[in-house]
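Peer 1: Sharing query.cif here; it has mmCIF, C-alpha atoms.
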```cif
data_work
#
loop_
_atom_site.label_atom_id
_atom_site.label_comp_id
_atom_site.auth_asym_id
_atom_site.auth_seq_id
_atom_site.Cartn_x
_atom_site.Cartn_y
_atom_site.Cartn_z
CA LEU A 1 49.55 -19.38 -61.25
CA TYR A 2 50.49 -22.83 -60.05
CA ARG A 3 53.02 -23.18 -57.26
CA HIS A 4 55.32 -26.16 -57.68
CA ALA A 5 56.85 -28.14 -54.86
CA SER A 6 60.11 -26.40 -55.58
CA GLY A 7 58.49 -23.08 -54.77
CA VAL A 8 58.51 -21.84 -58.33
CA SER A 9 55.16 -20.65 -59.85
CA SER A 10 54.07 -20.79 -63.48
CA THR A 11 51.04 -19.42 -65.37
CA VAL A 12 48.11 -21.70 -66.13
CA GLY A 13 46.85 -20.84 -69.62
CA SER A 14 46.75 -17.13 -70.49
CA TYR A 15 45.29 -14.04 -68.88
CA THR A 16 41.74 -12.62 -69.46
CA ASN A 17 40.65 -8.98 -69.62
CA VAL A 18 37.50 -8.47 -67.47
CA THR A 19 35.17 -5.51 -67.94
CA VAL A 20 33.40 -4.27 -64.77
CA ASN A 21 30.11 -2.62 -65.74
CA ASN A 22 29.25 0.45 -63.70
CA ILE A 23 25.76 0.68 -62.22
CA ASN A 24 24.18 4.09 -62.04
CA LEU A 25 21.78 3.88 -59.11
CA ASP A 26 18.73 6.09 -59.20
CA GLU A 27 18.87 7.27 -55.58
CA ALA A 28 15.50 9.05 -55.56
CA LYS A 29 13.52 6.15 -57.04
CA THR A 30 15.40 3.63 -54.90
CA ALA A 31 14.59 5.64 -51.78
CA GLU A 32 10.87 5.48 -52.68
CA THR A 33 11.01 1.68 -52.43
CA LEU A 34 12.59 1.62 -48.95
CA SER A 35 10.10 0.54 -46.30
CA CYS A 36 9.77 -1.63 -43.20
CA PHE A 37 6.99 -4.07 -42.41
CA GLN A 38 6.77 -3.14 -38.71
CA THR A 39 6.34 0.19 -37.00
CA SER A 40 6.89 -1.46 -33.60
CA ALA A 41 8.47 -4.69 -32.46
CA THR A 42 9.35 -6.59 -29.32
CA ALA A 43 12.96 -6.66 -28.17
CA GLY A 44 14.65 -9.69 -29.69
CA ASP A 45 12.23 -9.99 -32.62
CA THR A 46 13.43 -9.72 -36.21
CA ILE A 47 12.46 -6.51 -38.00
CA SER A 48 12.14 -6.84 -41.77
CA CYS A 49 12.56 -4.08 -44.32
CA VAL A 50 12.87 -4.07 -48.13
CA VAL A 51 14.44 -1.90 -50.82
CA SER A 52 14.59 -2.13 -54.63
CA ALA A 53 17.78 -0.87 -56.23
CA ILE A 54 16.63 1.06 -59.35
CA ASN A 55 19.10 1.43 -62.19
CA LYS A 56 19.13 4.86 -63.88
CA ASP A 57 19.84 3.12 -67.16
CA GLY A 58 16.42 1.76 -68.00
CA GLY A 59 14.68 2.47 -64.69
CA LEU A 60 14.42 -1.23 -63.81
CA PRO A 61 15.28 -2.95 -60.53
CA ILE A 62 18.71 -4.44 -60.30
CA THR A 63 18.28 -8.18 -59.94
CA ASP A 64 21.89 -9.30 -59.78
CA PRO A 65 22.24 -10.93 -56.30
CA SER A 66 25.81 -9.73 -56.02
CA TYR A 67 24.63 -6.11 -55.80
CA SER A 68 23.67 -6.85 -52.17
CA ASN A 69 27.39 -6.40 -51.49
CA ALA A 70 27.10 -2.77 -52.59
CA LEU A 71 24.33 -2.03 -50.10
CA PHE A 72 24.68 -1.71 -46.36
CA ALA A 73 22.25 -0.78 -43.60
CA THR A 74 22.95 0.74 -40.18
CA ILE A 75 20.38 0.88 -37.41
CA LYS A 76 20.54 3.30 -34.47
CA SER A 77 18.34 3.42 -31.39
CA SER A 78 17.58 6.16 -28.89
CA SER A 79 18.88 3.69 -26.29
CA GLY A 80 22.35 3.97 -27.80
CA GLU A 81 22.25 0.50 -29.32
CA ARG A 82 23.64 0.17 -32.86
CA VAL A 83 23.51 -2.81 -35.19
CA VAL A 84 24.17 -3.61 -38.84
CA GLY A 85 21.37 -5.03 -40.97
CA ILE A 86 21.71 -8.30 -42.88
CA ILE A 87 20.97 -7.76 -46.58
CA THR A 88 19.89 -10.68 -48.76
CA PRO A 89 18.76 -10.62 -52.42
CA GLY A 90 15.13 -11.29 -53.17
CA SER A 91 12.87 -11.25 -56.21
CA GLY A 92 13.51 -7.81 -57.70
CA ASN A 93 14.44 -6.35 -54.32
CA PHE A 94 16.74 -6.76 -51.35
CA ALA A 95 15.56 -7.80 -47.89
CA ILE A 96 17.02 -6.07 -44.83
CA ASN A 97 16.68 -7.85 -41.48
CA PHE A 98 17.90 -6.79 -38.05
CA VAL A 99 17.27 -7.44 -34.34
CA MET A 100 17.26 -4.88 -31.51
CA GLN A 101 17.56 -5.91 -27.85
CA LYS A 102 17.07 -2.59 -26.07
CA ILE A 103 13.86 -0.60 -25.92
CA GLY A 104 13.79 2.74 -27.70
CA THR A 105 13.00 4.40 -31.01
CA VAL A 106 14.92 3.05 -33.99
CA SER A 107 15.95 4.52 -37.35
CA LEU A 108 17.26 2.52 -40.32
CA THR A 109 19.61 4.13 -42.85
CA VAL A 110 20.54 2.43 -46.13
CA LYS A 111 23.61 3.46 -48.14
CA TYR A 112 25.39 2.18 -51.23
CA ARG A 113 29.00 2.06 -52.29
CA SER A 114 30.01 4.03 -55.37
CA ASN A 115 33.18 5.21 -57.06
CA ASP A 116 32.70 8.47 -55.18
CA GLY A 117 32.41 6.76 -51.79
CA ASP A 118 29.40 5.77 -49.67
CA LYS A 119 26.19 7.55 -50.54
CA PRO A 120 22.88 7.57 -48.62
CA ILE A 121 19.75 6.12 -50.17
CA GLY A 122 17.18 6.82 -47.48
CA THR A 123 16.11 6.44 -43.86
CA VAL A 124 13.11 4.86 -42.12
CA SER A 125 12.52 6.35 -38.67
CA GLY A 126 10.12 5.89 -35.76
CA ILE A 127 10.25 2.13 -35.27
CA THR A 128 9.44 1.49 -31.60
CA ILE A 129 11.09 -1.35 -29.71
CA LYS A 130 9.00 -2.59 -26.77
CA PRO A 131 10.20 -4.79 -23.88
CA ASP A 132 9.90 -8.55 -24.03
CA VAL A 133 7.95 -10.50 -21.39
CA ILE A 134 9.08 -10.30 -17.76
CA SER A 135 11.92 -12.71 -17.11
CA VAL A 136 12.36 -14.68 -13.88
CA LEU A 137 16.10 -14.84 -14.62
CA THR A 138 16.89 -11.13 -14.77
CA SER A 139 14.22 -9.50 -12.56
CA LYS A 140 15.41 -8.44 -9.08
CA ILE A 141 13.83 -8.42 -5.62
CA ALA A 142 14.75 -6.40 -2.52
CA CYS A 143 12.81 -6.54 0.75
CA LEU A 144 12.50 -3.79 3.36
CA PRO A 145 11.83 -4.99 6.93
CA ALA A 146 8.91 -3.47 8.76
CA GLN A 147 9.49 -1.61 12.05
CA ASN A 148 8.75 -4.89 13.84
CA VAL A 149 6.64 -8.04 13.52
CA MET A 150 3.47 -6.07 14.18
CA SER A 151 3.57 -4.61 10.65
CA GLU A 152 3.87 -6.16 7.20
CA SER A 153 7.19 -5.92 5.37
CA THR A 154 7.37 -4.67 1.79
CA CYS A 155 9.29 -6.31 -1.03
CA ILE A 156 10.11 -4.42 -4.22
CA ILE A 157 10.48 -6.25 -7.51
CA ALA A 158 12.21 -4.56 -10.43
CA ALA A 159 10.71 -6.39 -13.43
CA LEU A 160 13.09 -6.86 -16.36
CA ASP A 161 12.92 -8.80 -19.60
CA LYS A 162 15.69 -11.20 -20.63
CA TYR A 163 17.64 -8.34 -22.21
CA GLY A 164 17.54 -6.23 -19.05
CA ASN A 165 14.83 -3.85 -20.28
CA LYS A 166 12.33 -2.49 -17.79
CA ALA A 167 9.15 -4.49 -18.31
CA GLY A 168 5.68 -5.04 -16.92
CA THR A 169 2.23 -3.46 -16.73
CA ASN A 170 -0.36 -2.90 -14.04
CA ASP A 171 -2.44 -5.76 -15.47
CA GLN A 172 0.32 -8.19 -14.46
CA SER A 173 0.26 -7.28 -10.76
CA GLY A 174 -1.90 -10.27 -9.91
CA GLY A 175 0.74 -12.65 -11.25
CA PHE A 176 3.25 -11.87 -8.48
CA SER A 177 3.50 -13.70 -5.15
CA LEU A 178 6.06 -14.07 -2.38
CA GLU A 179 7.16 -16.89 -0.12
CA ALA A 180 9.44 -16.54 2.91
CA ASN A 181 11.27 -19.52 4.36
CA ALA A 182 13.37 -20.04 7.48
CA VAL A 183 14.96 -23.16 8.91
CA GLY A 184 12.53 -25.10 11.08
CA LEU A 185 9.57 -22.78 10.47
CA GLU A 186 6.53 -22.91 8.23
CA SER A 187 6.59 -20.92 5.01
CA VAL A 188 4.99 -17.48 4.97
CA THR A 189 3.20 -16.24 1.86
CA SER A 190 2.48 -12.72 0.68
CA THR A 191 -0.74 -10.95 1.48
CA ALA A 192 -3.34 -11.68 -1.20
CA ASN A 193 -3.90 -8.93 -3.79
CA SER A 194 -1.28 -6.70 -2.15
CA ALA A 195 0.86 -6.21 -5.30
CA THR A 196 0.88 -2.67 -6.67
CA PHE A 197 2.52 -1.39 -9.85
CA THR A 198 4.47 1.81 -10.34
CA GLU A 199 5.74 2.94 -13.75
CA PRO A 200 7.87 1.87 -15.41
CA ASN A 201 8.62 -1.56 -13.86
CA ILE A 202 8.26 -1.58 -10.06
CA TYR A 203 5.97 -3.97 -8.19
CA LYS A 204 5.50 -3.71 -4.41
CA ILE A 205 4.16 -6.66 -2.42
CA ASN A 206 3.50 -7.03 1.32
CA ILE A 207 4.39 -10.08 3.38
CA PRO A 208 3.57 -10.62 7.09
CA ILE A 209 6.60 -11.95 9.01
CA ARG A 210 5.49 -12.63 12.60
CA VAL A 211 8.55 -14.43 14.01
CA SER A 212 11.39 -12.18 15.18
CA GLN A 213 15.18 -12.60 15.18
CA VAL A 214 15.04 -15.23 12.42
CA ASP A 215 16.67 -14.92 9.00
CA TYR A 216 14.04 -15.47 6.30
CA THR A 217 14.85 -15.96 2.63
CA VAL A 218 12.17 -14.36 0.48
CA SER A 219 11.61 -15.61 -3.06
CA ALA A 220 9.17 -14.29 -5.63
CA ARG A 221 7.09 -16.07 -8.24
CA ILE A 222 5.78 -14.72 -11.50
CA VAL A 223 2.71 -16.67 -12.57
CA GLY A 224 3.94 -19.55 -10.43
CA VAL A 225 7.49 -19.60 -11.81
CA PRO A 226 10.20 -18.79 -9.20
CA MET A 227 12.55 -15.87 -9.78
CA LEU A 228 16.28 -16.46 -9.57
CA SER A 229 16.80 -13.39 -7.37
CA THR A 230 16.03 -13.66 -3.61
CA SER A 231 16.18 -11.32 -0.62
CA LYS A 232 16.66 -11.59 3.14
CA LEU A 233 14.33 -10.41 5.91
CA THR A 234 14.92 -10.32 9.67
CA LEU A 235 12.31 -8.69 11.89
CA THR A 236 12.57 -7.32 15.41
CA SER A 237 10.09 -8.12 18.16
CA GLY A 238 7.08 -5.97 18.91
CA PRO A 239 6.42 -4.23 22.24
CA VAL A 240 5.89 -6.24 25.42
CA VAL A 241 2.37 -7.64 25.82
CA VAL A 242 1.54 -8.58 29.40
CA GLU A 243 -0.86 -11.35 28.43
CA LYS A 244 1.86 -13.11 26.40
CA SER A 245 4.70 -12.59 28.88
CA THR A 246 5.59 -15.24 31.47
CA VAL A 247 6.74 -15.20 35.08
CA THR A 248 8.17 -17.95 37.31
CA CYS A 249 8.99 -17.53 41.00
CA LEU A 250 10.85 -19.72 43.46
CA ASP A 251 8.14 -21.24 45.66
CA THR A 252 10.50 -22.17 48.49
CA VAL A 253 13.17 -19.90 49.96
CA PRO A 254 15.33 -20.32 53.08
CA ALA A 255 14.99 -17.60 55.69
CA LEU A 256 17.16 -14.56 54.94
CA ALA A 257 18.04 -15.95 51.46
CA LEU A 258 17.38 -14.12 48.20
CA GLY A 259 14.04 -14.91 46.64
CA LYS A 260 13.65 -14.51 42.91
CA CYS A 261 11.00 -14.19 40.21
CA THR A 262 12.04 -14.33 36.55
CA VAL A 263 9.97 -12.53 33.92
CA VAL A 264 10.31 -13.10 30.16
CA GLY A 265 8.80 -10.27 28.12
CA ARG A 266 7.00 -11.39 24.97
CA ASP A 267 5.18 -9.53 22.21
CA TYR A 268 1.73 -10.17 20.73
CA TYR A 269 3.06 -13.12 18.69
CA SER A 270 4.90 -14.60 21.71
CA ASN A 271 8.32 -13.55 20.43
CA ILE A 272 10.85 -12.86 23.16
CA VAL A 273 11.42 -9.11 23.50
CA PRO A 274 15.13 -8.43 24.17
CA SER A 275 15.62 -7.19 27.73
CA THR A 276 17.07 -3.73 28.37
CA ARG A 277 17.81 -1.64 31.44
CA GLU A 278 15.21 0.87 30.31
CA ASN A 279 12.49 -1.78 30.15
CA ALA A 280 13.55 -3.17 33.52
CA GLN A 281 12.06 -0.04 35.08
CA LEU A 282 8.65 -1.05 33.75
CA PHE A 283 8.49 -4.21 35.87
CA VAL A 284 7.64 -3.99 39.55
CA GLY A 285 7.91 -6.83 42.07
CA VAL A 286 5.20 -7.03 44.72
CA VAL A 287 6.07 -9.40 47.61
CA THR A 288 3.72 -9.43 50.60
CA ASN A 289 4.28 -11.15 53.98
CA TYR A 290 0.84 -12.13 55.15
CA TYR A 291 2.12 -13.30 58.55
CA GLY A 292 4.53 -10.47 59.13
CA ASN A 293 4.37 -7.64 61.57
CA PRO A 294 2.20 -5.94 60.61
CA PRO A 295 0.34 -8.58 58.57
CA GLY A 296 0.44 -7.95 54.84
CA ALA A 297 3.63 -5.92 55.03
CA ARG A 298 5.42 -5.35 51.69
CA ILE A 299 8.99 -6.55 51.21
CA GLY A 300 11.29 -4.40 49.11
CA THR A 301 12.32 -5.70 45.68
CA ARG A 302 14.69 -4.70 42.90
CA VAL A 303 14.66 -5.56 39.20
CA ILE A 304 17.73 -6.40 37.13
CA VAL A 305 18.30 -7.63 33.58
CA SER A 306 18.88 -11.38 33.61
CA GLU A 307 22.31 -12.48 32.41
CA THR A 308 21.20 -16.04 31.76
CA VAL A 309 17.65 -15.85 30.41
CA SER A 310 16.99 -14.32 26.98
CA GLY A 311 14.55 -11.43 27.30
CA GLY A 312 14.50 -12.02 31.05
CA TYR A 313 14.32 -9.80 34.10
CA GLU A 314 14.97 -10.93 37.67
CA ILE A 315 12.93 -9.55 40.54
CA LEU A 316 14.99 -10.06 43.71
CA TYR A 317 14.05 -9.73 47.40
CA GLN A 318 15.40 -10.91 50.74
CA ALA A 319 13.29 -13.41 52.64
CA PRO A 320 12.38 -12.70 56.28
CA SER A 321 14.49 -14.15 59.10
CA THR A 322 11.74 -16.48 60.28
CA GLY A 323 9.51 -19.00 58.57
CA THR A 324 6.45 -17.54 56.91
CA THR A 325 4.39 -17.52 53.71
CA LEU A 326 4.81 -14.81 51.12
CA ARG A 327 2.82 -13.90 48.05
CA ALA A 328 4.97 -12.83 45.08
CA ALA A 329 3.62 -11.11 41.97
CA VAL A 330 5.01 -8.98 39.14
CA LEU A 331 3.38 -5.88 37.68
CA TYR A 332 4.05 -4.23 34.33
CA ARG A 333 3.70 -0.48 34.12
CA HIS A 334 2.14 0.67 30.80
CA ALA A 335 2.91 3.97 29.10
CA SER A 336 -0.50 5.22 30.25
CA GLY A 337 0.59 4.79 33.86
CA VAL A 338 -1.76 1.86 34.48
CA SER A 339 -0.19 -1.34 35.81
CA SER A 340 -1.32 -4.90 35.17
CA THR A 341 -0.22 -8.26 36.56
CA VAL A 342 2.13 -10.48 34.59
CA GLY A 343 0.87 -14.05 34.87
CA SER A 344 -0.42 -14.97 38.32
CA TYR A 345 0.94 -14.66 41.86
CA THR A 346 3.04 -17.35 43.58
CA ASN A 347 2.79 -18.43 47.21
CA VAL A 348 6.33 -18.64 48.54
CA THR A 349 7.20 -20.71 51.61
CA VAL A 350 10.03 -19.30 53.71
CA ASN A 351 11.65 -22.18 55.60
CA ASN A 352 12.64 -21.32 59.16
CA ILE A 353 16.16 -22.22 60.28
CA ASN A 354 16.32 -23.77 63.82
CA LEU A 355 19.90 -23.19 64.91
CA ASP A 356 21.48 -25.57 67.47
CA GLU A 357 23.30 -22.93 69.46
CA ALA A 358 25.37 -25.30 71.55
CA LYS A 359 26.70 -27.39 68.70
CA THR A 360 27.25 -24.31 66.59
CA ALA A 361 29.27 -22.75 69.44
CA GLU A 362 31.50 -25.83 69.53
CA THR A 363 32.55 -25.16 65.92
CA LEU A 364 33.70 -21.60 66.61
CA SER A 365 37.50 -21.22 66.47
CA CYS A 366 40.25 -18.95 65.14
CA PHE A 367 43.36 -19.98 63.24
CA GLN A 368 45.68 -17.56 64.99
CA THR A 369 46.30 -16.89 68.68
CA SER A 370 48.41 -13.87 67.80
CA ALA A 371 48.87 -11.61 64.81
CA THR A 372 50.75 -8.57 63.65
CA ALA A 373 48.89 -5.29 63.39
CA GLY A 374 47.40 -4.98 59.94
CA ASP A 375 47.27 -8.75 59.22
CA THR A 376 44.01 -10.53 58.54
CA ILE A 377 42.85 -12.80 61.39
#
```
What would you get if you wrote out this structure as structure tokens?

Peer 2:
Amino acid sequence: LYRHASGVSSTVGSYTNVTVNNINLDEAKTAETLSCFQTSATAGDTISCVVSAINKDGGLPITDPSYSNALFATIKSSSGERVVGIITPGSGNFAINFVMQKIGTVSLTVKYRSNDGDKPIGTVSGITIKPDVISVLTSKIACLPAQNVMSESTCIIAALDKYGNKAGTNDQSGGFSLEANAVGLESVTSTANSATFTEPNIYKINIPIRVSQVDYTVSARIVGVPMLSTSKLTLTSGPVVVEKSTVTCLDTVPALALGKCTVVGRDYYSNIVPSTRENAQLFVGVVTNYYGNPPGARIGTRVIVSETVSGGYEILYQAPSTGTTLRAAVLYRHASGVSSTVGSYTNVTVNNINLDEAKTAETLSCFQTSATAGDTI
């Protein structure tokens, strides 16, 4: 028909009767020709199969390219993935191509359309889909902090290919490395040859973080290429180590004033160990008056948590009423019961106060000459 501008249609020429020739497919012989070139493939690769459509009338392959429209292929995987194959005519056969992205075992089923509906030709089973190479874009890292800086932390990498399949082998363990970075600090790298592999796709790598109370960003590399995923690590300080801890004492104190020594507890790597009331009991102040009565007499001390110094403890004592020289030291009591000195001792000079009694007496006065009972004078 031809549609005129007016909207009216008219016939072009005359009609033609068209005969559609039926094709009787020999299902058994066609099924014998169905095969695939691969028994295993990598996720994302093209899998190629072939089938020849055998006509019952004459037993010859159907070569008409249009018959590809009568064939269709469905592919199912044990992973749950399903795809439809692309069928293209070839030389006396039909090529079937498809791509699977998820690992699993695949089966291909070919059917054809007939006047009686869709009929199966045959199935090829047992095609194995393996993971692609490990991808730095999809693999994930998560780091678990050690108990403190004295131990190495462990990072876990879940290796995935670009399709999200679990990937990797033990032979690839040597290709993984870690780097931890924090603002203002040098980078820390993973312990050499510490990567271990656990089926099916887990790699564990150790990294020694020795600075406490700092937020590190840990990134992984696979054969030198950085992963997109990162993780955070923040470590706590180790136990107090006397040799690394520091003490400072006032070296001059007025008579009767409070003398003070300040201790900062540090661990083996010189990190400040947060101060607690429990740990305050482990520090002991030893202040000796070498010119006292008797000579060498000890002066009582008390230990409190410092409110101004991070990780600090204050050892306080009251100086004698007269000028003298004291020796101040701080001991740390270990779990074994043995005590050791923190730093070295300090000689403290107590300055004597010579009071001018007469002039001081002249300054003595009261603001009231009378008051009501209960008022403050």

Peer 1: Please, what distance in Å, to one decimal, runs between atom CA of A:Tyr269 and atom CA of A:Val149?

Peer 2: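 So the answer is 8.1 Å.
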
Peer 1: Pick from A:Lys232, A:Arg221, A:Lys102, A:Arg266: nearest to A:Ser79, with all atoms listed in the file counted?

Peer 2: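 Closest to A:Ser79, using all atoms listed in the file: A:Lys102.
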
Peer 1: Go through the shown structure with the PyMOL selection byres ((chain A and resi 174) around 12) and write out the matching residues as a ChimeraX atom specification.

Peer 2: /A:168-173,175-178,190-197,203-205,221-224

Peer 1: Care to translate the PyMOL selection byres ((chain A and resi 259) around 6) into actual residues of this file, as a PDB file with C-alpha atoms, in the coordinates of the input?

Peer 2:
```pdb
ATOM      1  CA  LEU A 258      17.380 -14.120  48.200  1.00  0.00           C
ATOM      2  CA  LYS A 260      13.650 -14.510  42.910  1.00  0.00           C
ATOM      3  CA  LEU A 316      14.990 -10.060  43.710  1.00  0.00           C
ATOM      4  CA  TYR A 317      14.050  -9.730  47.400  1.00  0.00           C
ATOM      5  CA  GLN A 318      15.400 -10.910  50.740  1.00  0.00           C
TER       6      GLN A 318
END
```

Peer 1: What's the separation between atom CA of A:Ser107 and atom CA of A:Ser68, in Å to one decimal place?

Peer 2: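 So the answer is 20.2 Å.
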
Peer 1: I want to know what sits within 10 Å of A:Thr109, based on all atoms listed in the file, with residues of the same chain fewer than 3 positions away left out; could you give that as a list in words?

Peer 2: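 After dropping sequence-adjacent residues, the list is Leu34, Phe72, Ala73, Thr74, Ile75, Lys76, Val84, Gly85, Pro120, Ile121, Gly122, Thr123, Val124 and Ser125 of chain A.
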
Peer 1: List the spatial neighbours of A:Gly104 as a list in words - criterion: any atom at most 12 Å away, all atoms listed in the file, same-chain residues fewer than 3 positions off excluded.

Peer 2: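 My reading of the contact set: Ser40, Ala41, Thr42, Ala43, Ile75, Lys76, Ser77, Ser78, Ser79, Gly80, Glu81, Arg82, Met100, Gln101, Ser107, Ser125, Gly126, Ile127, Thr128, Ile129, Lys130, Pro131, Asn165 and Lys166 of chain A.
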
Peer 1: How would stretch 327-354 of chain A look with N, CA and C atoms restored, written as a PDB file, keeping the file's coordinate frame?

Peer 2:
```pdb
ATOM      1  N   ARG A 327       3.499 -13.885  49.348  1.00  0.00           N
ATOM      2  CA  ARG A 327       2.820 -13.900  48.050  1.00  0.00           C
ATOM      3  C   ARG A 327       3.609 -12.978  47.113  1.00  0.00           C
ATOM      4  N   ALA A 328       4.131 -13.575  46.017  1.00  0.00           N
ATOM      5  CA  ALA A 328       4.970 -12.830  45.080  1.00  0.00           C
ATOM      6  C   ALA A 328       4.228 -12.635  43.761  1.00  0.00           C
ATOM      7  N   ALA A 329       4.239 -11.428  43.267  1.00  0.00           N
ATOM      8  CA  ALA A 329       3.620 -11.110  41.970  1.00  0.00           C
ATOM      9  C   ALA A 329       4.472 -10.065  41.267  1.00  0.00           C
ATOM     10  N   VAL A 330       4.266  -9.951  39.935  1.00  0.00           N
ATOM     11  CA  VAL A 330       5.010  -8.980  39.140  1.00  0.00           C
ATOM     12  C   VAL A 330       4.011  -8.123  38.371  1.00  0.00           C
ATOM     13  N   LEU A 331       4.213  -6.816  38.419  1.00  0.00           N
ATOM     14  CA  LEU A 331       3.380  -5.880  37.680  1.00  0.00           C
ATOM     15  C   LEU A 331       4.169  -5.291  36.522  1.00  0.00           C
ATOM     16  N   TYR A 332       3.435  -4.935  35.466  1.00  0.00           N
ATOM     17  CA  TYR A 332       4.050  -4.230  34.330  1.00  0.00           C
ATOM     18  C   TYR A 332       3.387  -2.869  34.212  1.00  0.00           C
ATOM     19  N   ARG A 333       4.216  -1.830  34.166  1.00  0.00           N
ATOM     20  CA  ARG A 333       3.700  -0.480  34.120  1.00  0.00           C
ATOM     21  C   ARG A 333       3.591  -0.025  32.653  1.00  0.00           C
ATOM     22  N   HIS A 334       2.374   0.232  32.182  1.00  0.00           N
ATOM     23  CA  HIS A 334       2.140   0.670  30.800  1.00  0.00           C
ATOM     24  C   HIS A 334       2.472   2.148  30.644  1.00  0.00           C
ATOM     25  N   ALA A 335       2.596   2.572  29.372  1.00  0.00           N
ATOM     26  CA  ALA A 335       2.910   3.970  29.100  1.00  0.00           C
ATOM     27  C   ALA A 335       1.843   4.905  29.633  1.00  0.00           C
ATOM     28  N   SER A 336       0.613   4.396  29.744  1.00  0.00           N
ATOM     29  CA  SER A 336      -0.500   5.220  30.250  1.00  0.00           C
ATOM     30  C   SER A 336      -0.408   5.434  31.751  1.00  0.00           C
ATOM     31  N   GLY A 337       0.484   4.680  32.412  1.00  0.00           N
ATOM     32  CA  GLY A 337       0.590   4.790  33.860  1.00  0.00           C
ATOM     33  C   GLY A 337      -0.149   3.689  34.583  1.00  0.00           C
ATOM     34  N   VAL A 338      -1.010   2.964  33.890  1.00  0.00           N
ATOM     35  CA  VAL A 338      -1.760   1.860  34.480  1.00  0.00           C
ATOM     36  C   VAL A 338      -0.863   0.629  34.557  1.00  0.00           C
ATOM     37  N   SER A 339      -0.983  -0.115  35.639  1.00  0.00           N
ATOM     38  CA  SER A 339      -0.190  -1.340  35.810  1.00  0.00           C
ATOM     39  C   SER A 339      -1.097  -2.555  35.739  1.00  0.00           C
ATOM     40  N   SER A 340      -0.564  -3.653  35.211  1.00  0.00           N
ATOM     41  CA  SER A 340      -1.320  -4.900  35.170  1.00  0.00           C
ATOM     42  C   SER A 340      -0.391  -6.046  35.549  1.00  0.00           C
ATOM     43  N   THR A 341      -0.992  -7.131  36.042  1.00  0.00           N
ATOM     44  CA  THR A 341      -0.220  -8.260  36.560  1.00  0.00           C
ATOM     45  C   THR A 341       0.276  -9.145  35.432  1.00  0.00           C
ATOM     46  N   VAL A 342       1.553  -9.542  35.540  1.00  0.00           N
ATOM     47  CA  VAL A 342       2.130 -10.480  34.590  1.00  0.00           C
ATOM     48  C   VAL A 342       1.902 -11.887  35.131  1.00  0.00           C
ATOM     49  N   GLY A 343       1.162 -12.703  34.396  1.00  0.00           N
ATOM     50  CA  GLY A 343       0.870 -14.050  34.870  1.00  0.00           C
ATOM     51  C   GLY A 343       0.028 -14.011  36.131  1.00  0.00           C
ATOM     52  N   SER A 344       0.320 -14.921  37.055  1.00  0.00           N
ATOM     53  CA  SER A 344      -0.420 -14.970  38.320  1.00  0.00           C
ATOM     54  C   SER A 344       0.575 -14.927  39.482  1.00  0.00           C
ATOM     55  N   TYR A 345       0.056 -14.739  40.692  1.00  0.00           N
ATOM     56  CA  TYR A 345       0.940 -14.660  41.860  1.00  0.00           C
ATOM     57  C   TYR A 345       1.409 -16.063  42.255  1.00  0.00           C
ATOM     58  N   THR A 346       2.465 -16.094  43.078  1.00  0.00           N
ATOM     59  CA  THR A 346       3.040 -17.350  43.580  1.00  0.00           C
ATOM     60  C   THR A 346       3.113 -17.278  45.097  1.00  0.00           C
ATOM     61  N   ASN A 347       2.616 -18.323  45.755  1.00  0.00           N
ATOM     62  CA  ASN A 347       2.790 -18.430  47.210  1.00  0.00           C
ATOM     63  C   ASN A 347       4.180 -18.994  47.486  1.00  0.00           C
ATOM     64  N   VAL A 348       4.943 -18.265  48.259  1.00  0.00           N
ATOM     65  CA  VAL A 348       6.330 -18.640  48.540  1.00  0.00           C
ATOM     66  C   VAL A 348       6.447 -19.042  50.018  1.00  0.00           C
ATOM     67  N   THR A 349       6.973 -20.241  50.243  1.00  0.00           N
ATOM     68  CA  THR A 349       7.200 -20.710  51.610  1.00  0.00           C
ATOM     69  C   THR A 349       8.622 -20.361  52.035  1.00  0.00           C
ATOM     70  N   VAL A 350       8.722 -19.621  53.146  1.00  0.00           N
ATOM     71  CA  VAL A 350      10.030 -19.300  53.710  1.00  0.00           C
ATOM     72  C   VAL A 350      10.300 -20.302  54.822  1.00  0.00           C
ATOM     73  N   ASN A 351      11.313 -21.144  54.616  1.00  0.00           N
ATOM     74  CA  ASN A 351      11.650 -22.180  55.600  1.00  0.00           C
ATOM     75  C   ASN A 351      12.453 -21.580  56.742  1.00  0.00           C
ATOM     76  N   ASN A 352      11.956 -21.818  57.969  1.00  0.00           N
ATOM     77  CA  ASN A 352      12.640 -21.320  59.160  1.00  0.00           C
ATOM     78  C   ASN A 352      13.887 -22.143  59.414  1.00  0.00           C
ATOM     79  N   ILE A 353      14.927 -21.527  59.932  1.00  0.00           N
ATOM     80  CA  ILE A 353      16.160 -22.220  60.280  1.00  0.00           C
ATOM     81  C   ILE A 353      16.228 -22.313  61.806  1.00  0.00           C
ATOM     82  N   ASN A 354      16.205 -23.559  62.372  1.00  0.00           N
ATOM     83  CA  ASN A 354      16.320 -23.770  63.820  1.00  0.00           C
ATOM     84  C   ASN A 354      17.787 -24.052  64.141  1.00  0.00           C
TER      85      ASN A 354
END
```
